[in-house]
file structure-v2.cif (mmCIF, C-alpha atoms)
data_entry
#
loop_
_atom_site.label_atom_id
_atom_site.label_comp_id
_atom_site.auth_asym_id
_atom_site.auth_seq_id
_atom_site.Cartn_x
_atom_site.Cartn_y
_atom_site.Cartn_z
CA MET A 28 -74.08 3.26 23.44
CA LYS A 29 -72.81 5.88 25.85
CA ARG A 30 -69.90 3.66 26.81
CA GLY A 31 -68.90 3.30 23.15
CA ALA A 32 -69.03 7.07 22.67
CA ILE A 33 -66.84 7.58 25.74
CA VAL A 34 -64.28 5.08 24.41
CA LEU A 35 -64.25 6.78 21.00
CA VAL A 36 -63.70 10.20 22.57
CA GLY A 37 -60.86 8.76 24.66
CA ILE A 38 -59.17 7.34 21.57
CA ILE A 39 -59.48 10.65 19.72
CA LEU A 40 -57.95 12.54 22.67
CA ALA A 41 -55.09 10.03 22.91
CA VAL A 42 -54.31 10.34 19.19
CA MET A 43 -54.35 14.13 19.43
CA ALA A 44 -51.98 14.01 22.39
CA VAL A 45 -49.53 11.76 20.55
CA LYS A 46 -49.76 13.92 17.43
CA GLN A 47 -49.11 17.07 19.47
CA ASP A 48 -46.09 15.42 21.12
CA THR A 49 -44.77 14.31 17.71
CA MET A 50 -45.24 17.74 16.19
CA THR A 51 -42.84 19.10 18.80
CA PHE A 52 -39.99 17.25 17.00
CA ALA A 53 -41.32 17.58 13.46
CA ARG A 54 -39.17 19.61 11.06
CA ASP A 55 -39.76 20.92 7.59
CA ILE A 56 -37.77 19.12 4.89
CA ASP A 57 -36.23 22.42 3.81
CA ASP A 58 -34.74 22.79 7.30
CA LEU A 59 -32.95 19.43 7.15
CA GLU A 60 -29.44 18.71 5.90
CA LEU A 61 -29.66 15.06 4.79
CA MET A 62 -26.35 13.29 5.35
CA ARG A 63 -25.67 10.52 2.84
CA VAL A 64 -22.27 9.16 3.93
CA MET A 65 -20.69 8.75 7.36
CA GLY A 66 -16.94 8.35 7.81
CA ILE A 67 -15.20 7.17 11.00
CA ASP A 68 -11.50 7.75 11.76
CA TRP A 69 -9.13 7.22 14.66
CA ASP A 70 -5.64 8.60 15.16
CA PRO A 71 -3.31 6.53 17.41
CA ARG A 72 -1.63 9.79 18.40
CA LYS A 73 -4.98 10.80 19.94
CA PRO A 74 -6.19 7.45 21.30
CA GLU A 75 -8.98 8.99 23.35
CA SER A 76 -10.81 10.60 20.43
CA LEU A 77 -12.60 9.67 17.24
CA THR A 78 -13.35 11.75 14.16
CA MET A 79 -16.74 11.55 12.47
CA THR A 80 -17.14 13.04 9.00
CA ALA A 81 -20.50 13.32 7.25
CA ALA A 82 -21.19 14.11 3.61
CA GLY A 83 -24.53 15.23 2.21
CA GLY A 84 -26.08 17.21 -0.59
CA ASP A 85 -26.94 16.05 -4.11
CA GLN A 86 -30.57 15.65 -3.11
CA SER A 87 -33.41 17.74 -4.51
CA ASN A 88 -34.23 20.96 -2.72
CA GLY A 89 -37.84 20.74 -3.81
CA LYS A 90 -37.40 22.88 -6.92
CA GLU A 91 -37.45 21.21 -10.29
CA GLY A 92 -34.00 20.80 -11.81
CA GLU A 93 -32.18 22.11 -8.74
CA ASN A 94 -30.12 20.22 -6.17
CA LYS A 95 -28.56 21.28 -2.92
CA GLU A 96 -24.83 21.90 -2.89
CA PRO A 97 -22.68 19.08 -1.42
CA VAL A 98 -21.92 19.50 2.28
CA ILE A 99 -19.05 17.89 4.22
CA LEU A 100 -18.82 18.35 7.98
CA SER A 101 -16.38 16.86 10.48
CA GLN A 102 -16.30 16.66 14.28
CA GLU A 103 -13.83 15.17 16.76
CA ALA A 104 -14.95 13.77 20.10
CA ALA A 105 -14.33 10.94 22.55
CA THR A 106 -17.38 9.03 21.26
CA LEU A 107 -19.37 8.96 18.04
CA ALA A 108 -22.50 9.86 19.98
CA LYS A 109 -20.87 13.08 21.16
CA ALA A 110 -19.50 13.84 17.70
CA CYS A 111 -22.92 13.42 16.04
CA THR A 112 -24.47 15.73 18.63
CA SER A 113 -21.74 18.39 18.50
CA ILE A 114 -21.75 18.52 14.71
CA GLN A 115 -25.18 20.16 14.85
CA SER A 116 -23.46 23.46 15.64
CA GLN A 117 -21.67 23.47 12.27
CA GLY A 118 -24.50 23.28 9.77
CA GLN A 119 -26.98 25.97 8.83
CA ASN A 120 -29.80 23.40 8.99
CA PHE A 121 -30.55 20.45 11.26
CA ILE A 122 -28.12 17.61 10.49
CA PHE A 123 -30.16 14.47 9.85
CA PHE A 124 -28.42 11.07 9.80
CA GLY A 125 -31.45 8.93 8.97
CA HIS A 126 -30.61 9.24 5.27
CA VAL A 127 -27.08 7.80 5.56
CA THR A 128 -26.67 5.06 2.94
CA GLN A 129 -22.88 4.48 3.07
CA CYS A 130 -20.43 4.03 5.94
CA LEU A 131 -16.64 4.41 5.58
CA VAL A 132 -14.07 3.40 8.20
CA GLY A 133 -10.46 4.56 7.93
CA GLU A 134 -7.70 1.95 7.99
CA ALA A 135 -6.36 3.03 11.38
CA ALA A 136 -9.84 2.98 12.92
CA ALA A 137 -10.47 -0.50 11.49
CA GLN A 138 -7.46 -1.81 13.41
CA ARG A 139 -9.46 -1.25 16.57
CA ASP A 140 -12.31 -3.53 17.67
CA LEU A 141 -14.79 -2.90 14.86
CA VAL A 142 -17.79 -4.17 16.84
CA GLU A 143 -17.00 -1.72 19.63
CA LEU A 144 -16.33 1.06 17.12
CA LEU A 145 -19.76 0.63 15.51
CA ASP A 146 -21.67 0.29 18.77
CA TYR A 147 -23.24 3.74 18.36
CA TYR A 148 -24.14 2.95 14.77
CA GLU A 149 -25.91 -0.20 15.96
CA ARG A 150 -27.80 1.50 18.79
CA ASN A 151 -28.86 4.69 17.00
CA LEU A 152 -32.45 4.53 15.75
CA GLU A 153 -31.79 6.86 12.81
CA LEU A 154 -28.85 5.06 11.22
CA ARG A 155 -29.54 2.23 8.79
CA LEU A 156 -27.93 -1.12 9.54
CA ASN A 157 -28.38 -2.18 5.91
CA ALA A 158 -26.06 0.59 4.73
CA PRO A 159 -22.96 -0.75 2.88
CA LEU A 160 -19.72 -0.68 4.86
CA TYR A 161 -16.30 0.04 3.34
CA ILE A 162 -12.74 0.16 4.69
CA VAL A 163 -10.49 2.96 3.37
CA LYS A 164 -7.25 1.23 2.40
CA GLY A 165 -4.14 3.27 3.12
CA GLY A 166 -5.98 6.37 4.26
CA ARG A 167 -8.72 8.02 6.26
CA ALA A 168 -12.42 8.31 5.63
CA ARG A 169 -12.28 12.09 6.03
CA GLU A 170 -9.66 12.38 3.31
CA MET A 171 -11.72 10.23 0.95
CA LEU A 172 -14.88 12.26 1.52
CA GLU A 173 -13.09 15.58 1.06
CA GLU A 174 -10.95 14.68 -1.96
CA GLY A 175 -12.72 11.75 -3.61
CA SER A 176 -14.64 11.97 -6.84
CA GLY A 177 -15.49 9.91 -9.87
CA PRO A 178 -12.98 9.40 -12.72
CA GLU A 179 -14.83 12.14 -14.63
CA GLY A 180 -15.60 14.34 -11.67
CA GLY A 181 -18.82 14.33 -9.68
CA THR A 182 -19.40 14.23 -5.97
CA VAL A 183 -18.24 11.54 -3.58
CA VAL A 184 -21.84 10.58 -2.79
CA LYS A 185 -22.59 9.77 -6.43
CA ARG A 186 -19.29 7.92 -6.82
CA LEU A 187 -20.00 5.65 -3.84
CA GLU A 188 -23.48 4.92 -5.14
CA ALA A 189 -21.99 3.97 -8.52
CA ILE A 190 -19.45 1.66 -6.84
CA GLU A 191 -22.22 -0.10 -4.92
CA MET A 192 -24.11 -0.77 -8.14
CA ASP A 193 -21.21 -1.55 -10.48
CA ALA A 194 -18.65 -3.47 -8.38
CA GLN A 195 -20.29 -6.79 -9.22
CA PHE A 196 -19.48 -6.37 -12.92
CA GLU A 197 -15.84 -7.19 -12.22
CA SER A 198 -16.54 -9.35 -9.14
CA ALA A 199 -13.91 -7.14 -7.52
CA SER A 200 -15.68 -6.83 -4.20
CA LEU A 201 -19.33 -6.93 -3.33
CA LYS A 202 -21.68 -5.24 -0.91
CA ARG A 203 -21.37 -5.93 2.81
CA SER A 204 -23.84 -4.16 5.06
CA VAL A 205 -23.07 -2.95 8.56
CA LYS A 206 -25.53 -5.53 9.88
CA ASP A 207 -23.95 -8.48 8.03
CA THR A 208 -20.45 -7.43 9.07
CA LEU A 209 -21.36 -7.15 12.75
CA ALA A 210 -23.13 -10.53 12.66
CA GLN A 211 -20.09 -12.30 11.21
CA LEU A 212 -17.66 -10.59 13.58
CA THR A 213 -19.82 -11.61 16.51
CA GLU A 214 -19.84 -15.21 15.26
CA ASN A 215 -16.10 -15.87 15.07
CA GLY A 216 -14.34 -12.48 14.91
CA CYS A 217 -13.50 -12.89 11.21
CA THR A 218 -14.99 -11.42 8.05
CA LEU A 219 -14.28 -9.78 4.71
CA VAL A 220 -15.27 -6.15 4.12
CA PRO A 221 -15.02 -4.35 0.75
CA ALA A 222 -12.13 -1.89 0.60
CA LEU A 223 -11.74 1.39 -1.25
CA THR A 224 -8.69 3.44 -2.07
CA LEU A 225 -8.07 7.01 -3.21
CA SER A 226 -5.95 7.45 -6.32
CA ASP A 227 -5.20 10.06 -8.98
CA SER A 228 -8.01 10.11 -11.53
CA SER A 229 -5.40 10.01 -14.27
CA GLU A 230 -4.74 6.38 -13.33
CA GLY A 231 -8.13 5.45 -14.77
CA GLY A 232 -11.17 3.78 -13.34
CA GLY A 233 -11.82 0.20 -12.36
CA THR A 234 -10.24 -1.86 -9.66
CA SER A 235 -7.07 -0.84 -7.87
CA ASP A 236 -4.40 -3.52 -8.12
CA GLY A 237 -3.45 -2.88 -4.52
CA ASP A 238 -0.91 -5.43 -3.32
CA SER A 239 -0.92 -7.35 -6.59
CA ALA A 240 2.57 -8.66 -5.91
CA ASN A 241 1.27 -10.55 -2.89
CA GLU A 242 0.11 -13.70 -4.68
CA ASN A 243 -0.36 -16.99 -2.86
CA THR A 244 -1.56 -19.52 -5.40
CA GLY A 245 -0.65 -22.67 -3.57
CA GLY A 246 -2.74 -24.86 -1.31
CA GLN A 247 -2.75 -28.00 0.77
CA GLY A 248 -4.12 -31.36 -0.19
CA GLY A 249 -5.07 -32.47 -3.70
CA LEU A 250 -6.14 -29.43 -5.70
CA GLN A 251 -7.48 -30.34 -9.13
CA SER A 252 -9.03 -28.53 -12.05
CA GLY A 253 -11.34 -29.86 -14.73
CA ALA A 254 -13.09 -28.68 -17.87
CA GLY A 255 -16.25 -29.58 -19.76
CA GLY A 256 -17.40 -31.96 -17.02
CA GLY A 257 -14.10 -33.87 -16.76
CA GLN A 258 -10.93 -33.52 -14.71
CA SER A 259 -7.63 -32.46 -16.18
CA GLY A 260 -4.65 -34.78 -15.97
CA GLY A 261 -2.32 -33.84 -13.16
CA GLN A 262 -2.38 -30.95 -10.80
CA ALA A 263 -1.63 -27.31 -11.35
CA GLU A 264 1.68 -26.36 -9.82
CA ALA A 265 1.37 -24.65 -6.44
CA GLN A 266 3.04 -21.30 -6.41
CA ASP A 267 4.17 -19.85 -3.16
CA GLY A 268 4.13 -16.12 -2.87
CA GLY A 269 5.49 -14.07 -0.05
CA GLN A 270 3.25 -12.04 2.15
CA GLU A 271 3.96 -8.38 2.29
CA GLY A 272 5.29 -7.41 5.65
CA GLY A 273 3.13 -5.00 7.53
CA GLN A 274 0.41 -2.71 6.39
CA ARG A 275 0.42 0.72 4.91
CA ASP A 276 0.89 3.46 7.41
CA SER A 277 -2.51 5.12 7.68
CA GLN A 278 -1.55 7.80 10.12
CA GLU A 279 0.09 10.22 7.68
CA ASP A 280 -1.05 13.79 7.94
CA SER A 281 -3.37 14.98 5.19
CA GLN A 282 -2.18 17.73 2.89
CA GLU A 283 -2.49 21.24 4.17
CA GLU A 284 -5.33 23.26 2.73
CA GLY A 285 -4.25 25.18 -0.35
CA GLY A 286 -1.01 23.22 -0.67
CA GLY A 287 0.18 20.20 -2.59
CA GLU A 288 -1.34 18.88 -5.75
CA THR A 289 -4.73 20.13 -6.79
CA GLY A 290 -5.56 17.34 -9.29
CA ALA A 291 -8.80 15.47 -8.77
CA LYS A 292 -8.64 12.09 -7.07
CA ALA A 293 -10.88 9.12 -7.70
CA ILE A 294 -12.31 6.46 -5.40
CA GLN A 295 -11.53 2.92 -6.62
CA THR A 296 -12.41 -0.53 -5.34
CA ALA A 297 -9.49 -2.33 -3.65
CA GLY A 298 -10.66 -5.88 -3.00
CA TYR A 299 -11.45 -7.08 0.51
CA ALA A 300 -10.19 -6.07 3.94
CA VAL A 301 -9.49 -9.07 6.20
CA PHE A 302 -10.61 -9.07 9.84
CA ARG A 303 -9.46 -11.40 12.60
CA ASP A 304 -10.39 -11.00 16.26
CA ARG A 305 -12.70 -8.20 15.05
CA ARG A 306 -9.70 -6.11 13.90
CA LEU A 307 -8.23 -5.34 10.49
CA THR A 308 -5.21 -7.53 9.73
CA GLY A 309 -4.61 -6.94 6.00
CA PHE A 310 -6.10 -6.91 2.51
CA LEU A 311 -6.66 -9.59 -0.11
CA THR A 312 -4.96 -9.26 -3.48
CA PRO A 313 -7.18 -8.94 -6.57
CA GLU A 314 -6.63 -12.65 -7.33
CA GLU A 315 -7.49 -13.66 -3.76
CA THR A 316 -10.53 -11.40 -3.79
CA ARG A 317 -11.99 -13.06 -6.86
CA GLY A 318 -11.14 -16.49 -5.42
CA ALA A 319 -13.07 -15.59 -2.27
CA ASN A 320 -16.07 -14.55 -4.37
CA PHE A 321 -16.01 -17.92 -6.15
CA LEU A 322 -16.00 -19.75 -2.83
CA LEU A 323 -18.76 -17.52 -1.44
CA ASP A 324 -20.95 -18.03 -4.53
CA GLU A 325 -20.83 -14.32 -5.28
CA ILE A 326 -19.63 -14.32 -8.87
CA TYR A 327 -22.12 -12.45 -11.01
CA ASP A 328 -19.98 -11.14 -13.83
CA GLY A 329 -16.40 -10.55 -14.85
CA ILE A 330 -13.85 -11.46 -17.53
CA LEU A 331 -11.18 -14.18 -17.67
CA GLU A 332 -8.43 -13.58 -20.24
CA LEU A 333 -6.87 -16.76 -21.62
CA ASP A 334 -3.62 -17.09 -23.59
CA LEU A 335 -3.83 -20.14 -25.89
CA PRO A 336 -0.76 -22.14 -27.05
CA ASP A 337 -1.25 -20.95 -30.66
CA GLY A 338 -0.84 -17.33 -29.53
CA SER A 339 -4.54 -16.47 -29.57
CA ARG A 340 -6.09 -14.55 -26.71
CA VAL A 341 -9.65 -15.28 -25.61
CA ALA A 342 -11.86 -13.26 -23.27
CA VAL A 343 -14.39 -15.37 -21.35
CA GLN A 344 -17.32 -13.64 -19.72
CA LEU A 345 -18.42 -15.30 -16.48
CA LEU A 346 -22.12 -16.08 -16.34
CA ASP A 347 -22.59 -18.16 -13.20
CA SER A 348 -20.73 -20.14 -10.58
CA GLN A 349 -21.80 -22.62 -7.93
CA CYS A 350 -19.63 -23.92 -5.11
CA SER A 351 -20.36 -26.94 -2.92
CA TRP A 352 -18.51 -28.20 0.15
CA LYS A 353 -18.15 -31.79 1.32
CA PRO A 354 -16.36 -32.34 4.65
CA ARG A 355 -14.49 -35.60 5.26
CA PHE A 356 -14.71 -37.13 8.73
CA GLU A 357 -13.19 -40.11 10.49
CA GLY A 358 -15.74 -40.84 13.13
CA LYS A 359 -16.53 -37.37 14.44
CA HIS A 360 -13.10 -35.91 13.67
CA LEU A 361 -12.71 -33.64 10.65
CA THR A 362 -9.87 -34.78 8.38
CA GLY A 363 -10.39 -32.89 5.13
CA LEU A 364 -12.63 -30.85 2.90
CA SER A 365 -13.61 -31.30 -0.74
CA VAL A 366 -14.62 -28.23 -2.73
CA ASN A 367 -16.46 -28.63 -6.03
CA LEU A 368 -16.85 -25.51 -8.15
CA VAL A 369 -18.79 -25.42 -11.43
CA ALA A 370 -18.57 -22.22 -13.48
CA GLU A 371 -20.26 -21.22 -16.71
CA GLY A 372 -19.07 -18.63 -19.17
CA ALA A 373 -19.40 -17.35 -22.72
CA ILE A 374 -16.73 -16.44 -25.25
CA GLY A 375 -16.78 -12.67 -25.38
CA GLU A 376 -13.84 -12.04 -27.71
CA ILE A 377 -11.21 -13.90 -29.73
CA MET A 378 -7.97 -12.26 -30.82
CA GLY A 379 -6.19 -14.71 -33.09
CA SER A 380 -6.97 -17.84 -35.06
CA ALA A 381 -8.64 -19.91 -32.34
CA ASP A 382 -11.77 -21.69 -33.63
CA PRO A 383 -14.59 -21.82 -31.04
CA MET A 384 -16.50 -24.29 -33.25
CA ASP A 385 -13.71 -26.85 -32.85
CA ARG A 386 -14.59 -29.08 -29.91
CA GLU A 387 -10.92 -29.70 -29.10
CA ALA A 388 -10.11 -25.98 -29.12
CA LEU A 389 -13.17 -25.24 -27.00
CA GLY A 390 -12.12 -27.90 -24.49
CA GLU A 391 -8.68 -26.31 -24.31
CA MET A 392 -10.28 -22.96 -23.48
CA GLU A 393 -12.37 -24.59 -20.76
CA GLU A 394 -9.27 -26.23 -19.32
CA LEU A 395 -7.31 -22.96 -19.21
CA ALA A 396 -10.24 -21.10 -17.63
CA ALA A 397 -10.64 -23.84 -14.99
CA GLU A 398 -6.93 -23.67 -14.12
CA GLN A 399 -7.11 -19.88 -13.78
CA ILE A 400 -10.08 -20.15 -11.40
CA TRP A 401 -8.26 -22.91 -9.51
CA ARG A 402 -5.30 -20.63 -8.86
CA MET A 403 -7.60 -17.91 -7.51
CA VAL A 404 -9.39 -20.33 -5.19
CA ALA A 405 -6.15 -21.97 -4.03
CA SER A 406 -4.56 -18.61 -3.21
CA VAL A 407 -7.34 -17.50 -0.90
CA LEU A 408 -7.63 -20.89 0.81
CA LYS A 409 -3.91 -20.89 1.56
CA ARG A 410 -4.05 -17.29 2.80
CA SER A 411 -6.91 -18.18 5.14
CA GLN A 412 -5.01 -21.15 6.59
CA GLU A 413 -1.64 -19.42 6.92
CA GLU A 414 -3.18 -16.56 8.87
CA GLU A 415 -5.54 -18.88 10.77
CA THR A 416 -8.40 -16.61 9.80
CA ASP A 417 -11.68 -18.29 8.95
CA PHE A 418 -13.10 -15.33 7.02
CA LEU A 419 -15.01 -17.75 4.76
CA HIS A 420 -16.83 -19.09 7.85
CA LEU A 421 -16.08 -22.69 6.95
CA GLU A 422 -16.63 -23.89 10.50
CA ARG A 423 -20.29 -22.89 10.28
CA LYS A 424 -20.67 -24.36 6.76
CA ILE A 425 -19.23 -27.70 7.88
CA GLY A 426 -21.31 -27.68 11.07
CA LEU A 427 -24.48 -27.25 9.05
CA ARG A 428 -23.54 -30.23 6.89
CA ARG A 429 -22.72 -32.41 9.91
CA PRO A 430 -24.69 -31.16 12.93
CA ASP A 431 -23.96 -34.46 14.72
CA CYS A 432 -20.27 -33.46 14.82
CA TRP A 433 -20.80 -29.81 15.76
CA HIS A 434 -19.62 -29.89 19.37
CA ASN A 435 -16.49 -31.87 18.52
CA LEU A 436 -15.82 -29.55 15.57
CA GLN A 437 -15.97 -26.50 17.85
CA ARG A 438 -13.46 -28.02 20.27
CA GLU A 439 -10.96 -29.03 17.57
CA TRP A 440 -11.37 -26.27 14.97
CA ASP A 441 -8.48 -24.02 16.04
CA GLN A 442 -6.05 -26.97 15.88
CA VAL A 443 -7.49 -28.64 12.76
CA PHE A 444 -8.11 -25.64 10.50
CA PRO A 445 -4.47 -24.54 9.83
CA GLU A 446 -3.53 -28.09 8.73
CA LEU A 447 -6.79 -29.06 7.04
CA ASP A 448 -6.34 -31.10 3.86
CA TRP A 449 -8.04 -29.53 0.83
CA GLU A 450 -9.21 -31.07 -2.40
CA VAL A 451 -10.57 -28.61 -4.95
CA GLN A 452 -12.09 -29.49 -8.30
CA VAL A 453 -13.02 -26.78 -10.81
CA ILE A 454 -15.18 -27.44 -13.86
CA MET A 455 -15.68 -24.77 -16.52
CA ARG A 456 -18.39 -24.96 -19.15
CA LEU A 457 -18.40 -22.50 -22.02
CA ARG A 458 -21.76 -21.56 -23.49
CA TRP A 459 -23.05 -19.12 -26.09
CA THR A 460 -20.47 -19.36 -28.82
CA TYR A 461 -20.86 -19.03 -32.59
CA ASP A 462 -18.86 -18.49 -35.76
CA VAL A 463 -18.82 -14.77 -36.54
CA ASN A 464 -17.16 -15.47 -39.92
CA GLN A 465 -20.35 -17.07 -41.21
CA SER A 466 -23.01 -14.64 -42.48
CA LEU A 467 -26.60 -14.75 -41.21
CA GLY A 468 -27.79 -16.05 -44.59
CA GLY A 469 -25.34 -18.90 -44.59
CA VAL A 470 -23.39 -17.43 -47.53
CA GLU A 471 -19.76 -16.51 -47.20
CA PRO A 472 -19.32 -12.70 -47.30
#
call {"tool": "encode", "arguments": {"input": "structure-v2.cif", "output": "structure tokens"}}
result
Amino acid sequence: MKRGAIVLVGIILAVMAVKQDTMTFARDIDDLELMRVMGIDWDPRKPESLTMTAAGGDQSNGKEGENKEPVILSQEAATLAKACTSIQSQGQNFIFFGHVTQCLVGEAAAQRDLVELLDYYERNLELRLNAPLYIVKGGRAREMLEEGSGPEGGTVVKRLEAIEMDAQFESASLKRSVKDTLAQLTENGCTLVPALTLSDSSEGGGTSDGDSANENTGGQGGLQSGAGGGQSGGQAEAQDGGQEGGQRDSQEDSQEEGGGETGAKAIQTAGYAVFRDRRLTGFLTPEETRGANFLLDEIYDGILELDLPDGSRVAVQLLDSQCSWKPRFEGKHLTGLSVNLVAEGAIGEIMGSADPMDREALGEMEELAAEQIWRMVASVLKRSQEEETDFLHLERKIGLRRPDCWHNLQREWDQVFPELDWEVQVIMRLRWTYDVNQSLGGVEP
């Protein structure tokens, strides 16, 4: 009995000691400045330093109906660890990074080793590895945080939160967390990261076209499209597009304070940033971006616009898409890859005389939608091969299908991948259609 009492007293004393030690670092919520977004930049003209920018505010200050004013702080240092420590001298309250839910990396900084760049982010116990990561196309993270807003105003924090939630509606680019990005870069040095760009709000919302002229819609091997469960006769013509030479210069000086244009700028999605050897090498076009999403089984919504031979225009809303891969081997040597993609959609709008109740007309719509998806898929497959960048992580997918060939696949992948023979089949099935010219009571209006 006495021994139990002694043990209980010891536990109580230990808990009190831990609590006292914890209270030393405890802070009142009103004394914290909760950072919501972290931006990372690097200037080649100052190769020994990094710039960390943090944005906060928009959270409740504890009083009903009142929010704290947005706060944007920036600090330059040789390391992110030093920058995050030195930035404490700028704010009126304690700068807290445990609430960061978005991470932006400027284009110039992304051209460095991204795994090395985010080492502090990975080691810090406050920062969240599940925070979405974005690459700032053609600019710096600091510029985006200072000048960015929504198309109708609003703070940059709210705009980034809206992008995270709404990007899937156009299948423009989807969420990639810091953790997922680092895991894929560690695997083979390649990945796709959502990109953002800063544009005049007068240009409207939605997805930035980016390098829309850079279209590669060709591919190797037999690429086929089908509709309604069957294949179309013949192949779609491969179209070769030129790659834009070089990347945008991201080292331009930002506008001086009080000078230049004062119009609001908006943050827009800009497809995917491509990484090879853990460094930024370019950006996918809008067509390539959607093709990548089809191949990654990350199509959740979006619209396909079809131009029919009779002059009608039909909008097809994407409902679902499933992609399967079947590698072809001779012995243990990879010789080709078959890709089967089945998509489902619904007719969202018809402009013209097209009759969705006509089976032949419906089949024609399915055929045109399948060919459009085929071109998207073919463009991104060709881009991946031409740049020898396995950002779709096909080596791992094939290895999981044929584990008995894994070691041989690893040895031969760098030589086989650029010349790999593709065969792609796309099937489109249209659902949910009806005749809007017929009244609910079955009587002509």
call {"tool": "residues_around", "arguments": {"input": "structure-v2.cif", "residues": "Trp433 of chain A", "least_positions_apart": "5", "cutoff": "12 Å", "atoms": "all atoms listed in the file", "output": "list in words"}}
result
Phe356, Lys359, His360, Leu361, Glu422, Arg423, Lys424, Ile425, Gly426, Leu427, Arg428, Arg438, Glu439 and Trp440 of chain A
call {"tool": "closest_residue", "arguments": {"input": "structure-v2.cif", "among": "A:Cys130, A:Leu59, A:Met171, A:Val301", "to": "Leu212 of chain A", "atoms": "all atoms listed in the file"}}
result
A:Val301
call {"tool": "atom_distance", "arguments": {"input": "structure-v2.cif", "atom1": "atom CA of His434 of chain A", "atom2": "atom CA of Val451 of chain A"}}
result
26.0 Å
call {"tool": "closest_residue", "arguments": {"input": "structure-v2.cif", "among": "A:Leu323, A:Glu103, A:Glu376, A:Arg155", "to": "Asp68 of chain A", "atoms": "only C-alpha atoms"}}
result
A:Glu103
call {"tool": "atom_distance", "arguments": {"input": "structure-v2.cif", "atom1": "atom CA of Gly216 of chain A", "atom2": "atom CA of Ile400 of chain A"}}
result
27.7 Å
call {"tool": "residues_around", "arguments": {"input": "structure-v2.cif", "residues": "Phe310 of chain A", "least_positions_apart": "2", "cutoff": "8 Å", "atoms": "only C-alpha atoms", "output": "PDB file with C-alpha atoms, in the coordinates of the input"}}
result
ATOM      1  CA  ASP A 238      -0.910  -5.430  -3.320  1.00  0.00           C
ATOM      2  CA  GLY A 298     -10.660  -5.880  -3.000  1.00  0.00           C
ATOM      3  CA  TYR A 299     -11.450  -7.080   0.510  1.00  0.00           C
ATOM      4  CA  ALA A 300     -10.190  -6.070   3.940  1.00  0.00           C
ATOM      5  CA  VAL A 301      -9.490  -9.070   6.200  1.00  0.00           C
ATOM      6  CA  THR A 308      -5.210  -7.530   9.730  1.00  0.00           C
ATOM      7  CA  THR A 312      -4.960  -9.260  -3.480  1.00  0.00           C
TER       8      THR A 312
END
call {"tool": "closest_residue", "arguments": {"input": "structure-v2.cif", "among": "A:Gly166, A:Gly372, A:Pro159, A:Gly363", "to": "Leu331 of chain A", "atoms": "only C-alpha atoms"}}
result
A:Gly372
call {"tool": "atom_distance", "arguments": {"input": "structure-v2.cif", "atom1": "atom CA of Ser411 of chain A", "atom2": "atom CA of Asp441 of chain A"}}
result
12.5 Å
call {"tool": "resolve_selection", "arguments": {"input": "structure-v2.cif", "expression": "the PyMOL selection byres ((chain A and resi 388) around 12)", "output": "PyMOL selection string"}}
result
chain A and resi 254-255+335-337+339+341+380-387+389-395+457
call {"tool": "write_last_selection", "arguments": {"input": "structure-v2.cif", "atoms": "C-alpha atoms", "output": "PDB file, in the coordinates of the input"}}
result
ATOM      1  CA  ALA A 254     -13.090 -28.680 -17.870  1.00  0.00           C
ATOM      2  CA  GLY A 255     -16.250 -29.580 -19.760  1.00  0.00           C
ATOM      3  CA  LEU A 335      -3.830 -20.140 -25.890  1.00  0.00           C
ATOM      4  CA  PRO A 336      -0.760 -22.140 -27.050  1.00  0.00           C
ATOM      5  CA  ASP A 337      -1.250 -20.950 -30.660  1.00  0.00           C
ATOM      6  CA  SER A 339      -4.540 -16.470 -29.570  1.00  0.00           C
ATOM      7  CA  VAL A 341      -9.650 -15.280 -25.610  1.00  0.00           C
ATOM      8  CA  SER A 380      -6.970 -17.840 -35.060  1.00  0.00           C
ATOM      9  CA  ALA A 381      -8.640 -19.910 -32.340  1.00  0.00           C
ATOM     10  CA  ASP A 382     -11.770 -21.690 -33.630  1.00  0.00           C
ATOM     11  CA  PRO A 383     -14.590 -21.820 -31.040  1.00  0.00           C
ATOM     12  CA  MET A 384     -16.500 -24.290 -33.250  1.00  0.00           C
ATOM     13  CA  ASP A 385     -13.710 -26.850 -32.850  1.00  0.00           C
ATOM     14  CA  ARG A 386     -14.590 -29.080 -29.910  1.00  0.00           C
ATOM     15  CA  GLU A 387     -10.920 -29.700 -29.100  1.00  0.00           C
ATOM     16  CA  LEU A 389     -13.170 -25.240 -27.000  1.00  0.00           C
ATOM     17  CA  GLY A 390     -12.120 -27.900 -24.490  1.00  0.00           C
ATOM     18  CA  GLU A 391      -8.680 -26.310 -24.310  1.00  0.00           C
ATOM     19  CA  MET A 392     -10.280 -22.960 -23.480  1.00  0.00           C
ATOM     20  CA  GLU A 393     -12.370 -24.590 -20.760  1.00  0.00           C
ATOM     21  CA  GLU A 394      -9.270 -26.230 -19.320  1.00  0.00           C
ATOM     22  CA  LEU A 395      -7.310 -22.960 -19.210  1.00  0.00           C
ATOM     23  CA  LEU A 457     -18.400 -22.500 -22.020  1.00  0.00           C
TER      24      LEU A 457
END
call {"tool": "closest_residue", "arguments": {"input": "structure-v2.cif", "among": "A:Pro71, A:Pro221, A:Gly66, A:Gly318", "to": "Thr128 of chain A", "atoms": "only C-alpha atoms"}}
result
A:Gly66
call {"tool": "closest_residue", "arguments": {"input": "structure-v2.cif", "among": "A:Val98, A:Leu447, A:Val205, A:Leu408", "to": "Thr362 of chain A", "atoms": "all atoms listed in the file"}}
result
A:Leu447
